[in-house]
2 protein chains.
Amino acid sequence: MDHPSVIRPAAHASYQQDKMGKTTLFESPRLLVGLNAFEPGQEHALHAHAGMDKVYQVIEGEGVFLLEGRELPMRAGDLLVAPEGVPHGVRNIGAERLLVLAILAPGPR
Amino acid sequence: MDHPSVIRPAAHASYQQDKMGKTTLFESPRLLVGLNAFEPGQEHALHAHAGMDKVYQVIEGEGVFLLEGRELPMRAGDLLVAPEGVPHGVRNIGAERLLVLAILAPGPR
């Protein structure tokens with residue numbers, strides 16, 4: 001993908017039947033911009049990134065953000081920041097597909 | 001603002017009559033997550049960040065991304081990545097307010 005260019009995130013979603021689908025839109029030592037695509041019922045279990053901040057933004061669909069000991073309902077447009085070391089995840093509890101923008105800084109080494 | 005929590009970006013927009021309004025949603029040494037709010041006609045002129053990648057995502061409204069020698073129309077949902085050193089900007093050419101999520105990595109020192 002060439003940058004800078006105008007990206008419609010949903011056009012790059014990769015849904016998979018067996019697990020969450022992932023797409024990378026941009027990657028550098030500083031930043032990873034990707035998409036997490038969830039069929040109904042799929043989830044990305046609670047996990048944490050040492051030394052990396054994560055930003056989620058819901059592109060389409062609805063579900064819950066998974067945090068330690070709680071779940072937060074989310075819908076298109078919602079944003080959540082999981083600072084480094086804070087466990088987080090996503091579950092699609094809706095009947096439709098769920099697409100989430102996932103940004104990590106710094107990028108994976 | 002506490003993190004992690006669910007954020008509706010538009011609820012945090014700060015529009016100003018004299019120039020683009022800015023809001024910081026999250027800041028760390030790794031990442032800045034902010035909002036740029038443009039009244040009709042306002043712009044953030046072409047500029048570049050040495051050693052920092054920038055991600056824009058349009059929350060509401062329409063306008064153009066400013067790049068060297070060209071302008072790219074954008075509307076709600078569109079995303080653009082300006083890798084480090086690449087000049088970029090935003091202009092609200094619409095009749096409504098324009099709100100853009102602006103993410104920088106690493107965060108400003």
# chains A, B, ... in the order shown; residues from 1 in each chain; ligands from 1

call {"tool": "closest_atom_pairs", "arguments": {"of": "chain B", "to": "chain A", "cutoff": "10 Å", "atoms": "only C-alpha atoms", "output": "tab-separated table"}}
result
residue	atom	partner	partner_atom	distance
B:Asp2	CA	A:Val81	CA	9.3
B:His3	CA	A:Val81	CA	6.0
B:Pro4	CA	A:Ala82	CA	5.2
B:Ser5	CA	A:Leu80	CA	5.8
B:Val6	CA	A:Leu80	CA	5.1
B:Ile7	CA	A:Leu79	CA	5.0
B:Arg8	CA	A:Asp78	CA	5.1
B:Pro9	CA	A:Leu79	CA	7.1
B:Ala10	CA	A:Gly77	CA	9.0
B:Leu25	CA	A:Val81	CA	8.9
B:Phe26	CA	A:Val81	CA	7.5
B:Glu27	CA	A:Pro83	CA	9.5
B:Ser28	CA	A:Asp53	CA	8.3
B:Pro29	CA	A:Ala105	CA	9.6
B:Arg30	CA	A:Ala105	CA	5.8
B:Leu31	CA	A:Ala105	CA	6.2
B:Leu32	CA	A:Ala105	CA	9.7
B:Val33	CA	A:Val55	CA	8.5
B:Gly51	CA	A:Arg30	CA	8.6
B:Met52	CA	A:Arg30	CA	7.4
B:Asp53	CA	A:Arg30	CA	7.0
B:Lys54	CA	A:Leu31	CA	9.0
B:Val55	CA	A:Val33	CA	8.5
B:Tyr56	CA	A:Val6	CA	9.7
B:Gln57	CA	A:Ile7	CA	9.3
B:Ile59	CA	A:Gly77	CA	7.6
B:Phe65	CA	A:Val6	CA	8.5
B:Leu67	CA	A:Pro4	CA	8.2
B:Leu72	CA	A:Val6	CA	7.2
B:Pro73	CA	A:Val6	CA	8.2
B:Met74	CA	A:Val6	CA	7.2
B:Arg75	CA	A:Arg8	CA	9.7
B:Ala76	CA	A:Arg8	CA	9.5
B:Gly77	CA	A:Arg8	CA	6.7
B:Asp78	CA	A:Arg8	CA	5.1
B:Leu79	CA	A:Ile7	CA	5.0
B:Leu80	CA	A:Val6	CA	5.1
B:Val81	CA	A:Pro4	CA	5.3
B:Ala82	CA	A:Pro4	CA	5.2
B:Pro83	CA	A:His3	CA	7.1
B:Glu84	CA	A:Arg30	CA	9.4
B:Val86	CA	A:Pro4	CA	8.1
B:Pro87	CA	A:Pro4	CA	9.5
B:His88	CA	A:Pro4	CA	8.7
B:Ile103	CA	A:Ile103	CA	9.3
B:Leu104	CA	A:Leu31	CA	8.8
B:Ala105	CA	A:Arg30	CA	5.8
B:Pro106	CA	A:Arg30	CA	6.2
B:Gly107	CA	A:Ala105	CA	9.4

call {"tool": "select_by_dssp", "arguments": {"residues": "chain A", "states": "helix (DSSP H, G or I)", "output": "PyMOL selection string"}}
result
chain A and resi 9-12

call {"tool": "closest_residue", "arguments": {"among": "B:Val90, B:Ala13, B:Leu99, B:Val58", "to": "B:Ala45", "atoms": "only C-alpha atoms"}}
result
B:Val90

call {"tool": "atom_distance", "arguments": {"atom1": "atom CA of B:Asn36", "atom2": "atom CA of B:Val64"}}
result
13.5 Å

call {"tool": "residues_around", "arguments": {"residues": "A:Glu39", "least_positions_apart": "6", "cutoff": "10 Å", "atoms": "only C-alpha atoms", "output": "ChimeraX atom specification"}}
result
/A:15-21,61,91-99

call {"tool": "write_last_selection", "arguments": {"atoms": "N, CA and C atoms", "output": "CSV table (one decimal), in the first residue's frame"}}
result
chain,number,residue,atom,x,y,z
A,15,TYR,N,-11.8,-11.1,6.7
A,15,TYR,CA,-12.5,-11.9,7.6
A,15,TYR,C,-12.1,-13.4,7.4
A,16,GLN,N,-12.0,-14.1,8.5
A,16,GLN,CA,-11.7,-15.6,8.4
A,16,GLN,C,-12.6,-16.4,9.2
A,17,GLN,N,-12.9,-17.6,8.7
A,17,GLN,CA,-13.9,-18.4,9.4
A,17,GLN,C,-13.4,-19.0,10.7
A,18,ASP,N,-12.1,-19.2,10.8
A,18,ASP,CA,-11.6,-20.0,12.0
A,18,ASP,C,-11.1,-19.1,13.1
A,19,LYS,N,-10.8,-17.8,12.8
A,19,LYS,CA,-10.3,-17.0,13.8
A,19,LYS,C,-10.3,-15.5,13.3
A,20,MET,N,-10.0,-14.6,14.3
A,20,MET,CA,-9.9,-13.2,13.9
A,20,MET,C,-9.0,-13.0,12.7
A,21,GLY,N,-9.4,-12.2,11.7
A,21,GLY,CA,-8.6,-11.9,10.6
A,21,GLY,C,-7.8,-10.6,10.8
A,61,GLY,N,-19.8,-2.5,13.1
A,61,GLY,CA,-20.3,-3.5,14.0
A,61,GLY,C,-20.4,-3.1,15.4
A,91,ARG,N,-14.3,-8.8,21.7
A,91,ARG,CA,-15.2,-9.9,21.4
A,91,ARG,C,-16.4,-9.4,20.6
A,92,ASN,N,-16.7,-10.1,19.6
A,92,ASN,CA,-17.9,-9.7,18.8
A,92,ASN,C,-19.1,-10.4,19.3
A,93,ILE,N,-19.9,-9.7,20.0
A,93,ILE,CA,-21.2,-10.3,20.6
A,93,ILE,C,-22.4,-9.9,19.7
A,94,GLY,N,-22.2,-9.3,18.6
A,94,GLY,CA,-23.3,-8.9,17.7
A,94,GLY,C,-23.6,-10.0,16.7
A,95,ALA,N,-24.6,-9.7,15.9
A,95,ALA,CA,-25.0,-10.7,14.9
A,95,ALA,C,-24.3,-10.3,13.5
A,96,GLU,N,-23.6,-9.2,13.5
A,96,GLU,CA,-23.0,-8.7,12.3
A,96,GLU,C,-21.5,-8.8,12.4
A,97,ARG,N,-20.7,-8.6,11.4
A,97,ARG,CA,-19.3,-8.6,11.4
A,97,ARG,C,-18.8,-7.3,12.2
A,98,LEU,N,-17.7,-7.5,12.9
A,98,LEU,CA,-17.1,-6.4,13.7
A,98,LEU,C,-15.7,-6.1,13.1
A,99,LEU,N,-15.5,-4.8,12.8
A,99,LEU,CA,-14.2,-4.4,12.3
A,99,LEU,C,-13.6,-3.3,13.1

call {"tool": "select_by_dssp", "arguments": {"residues": "chain A", "states": "strand (DSSP E)", "output": "PyMOL selection string"}}
result
chain A and resi 21-27+32-38+43-47+53-60+62-67+70-75+79-82+88-91+98-105

call {"tool": "atom_distance", "arguments": {"atom1": "atom CA of B:Gly89", "atom2": "atom CA of B:Glu71"}}
result
9.3 Å

call {"tool": "atom_distance", "arguments": {"atom1": "atom CA of B:Thr23", "atom2": "atom CA of B:Ala11"}}
result
10.8 Å
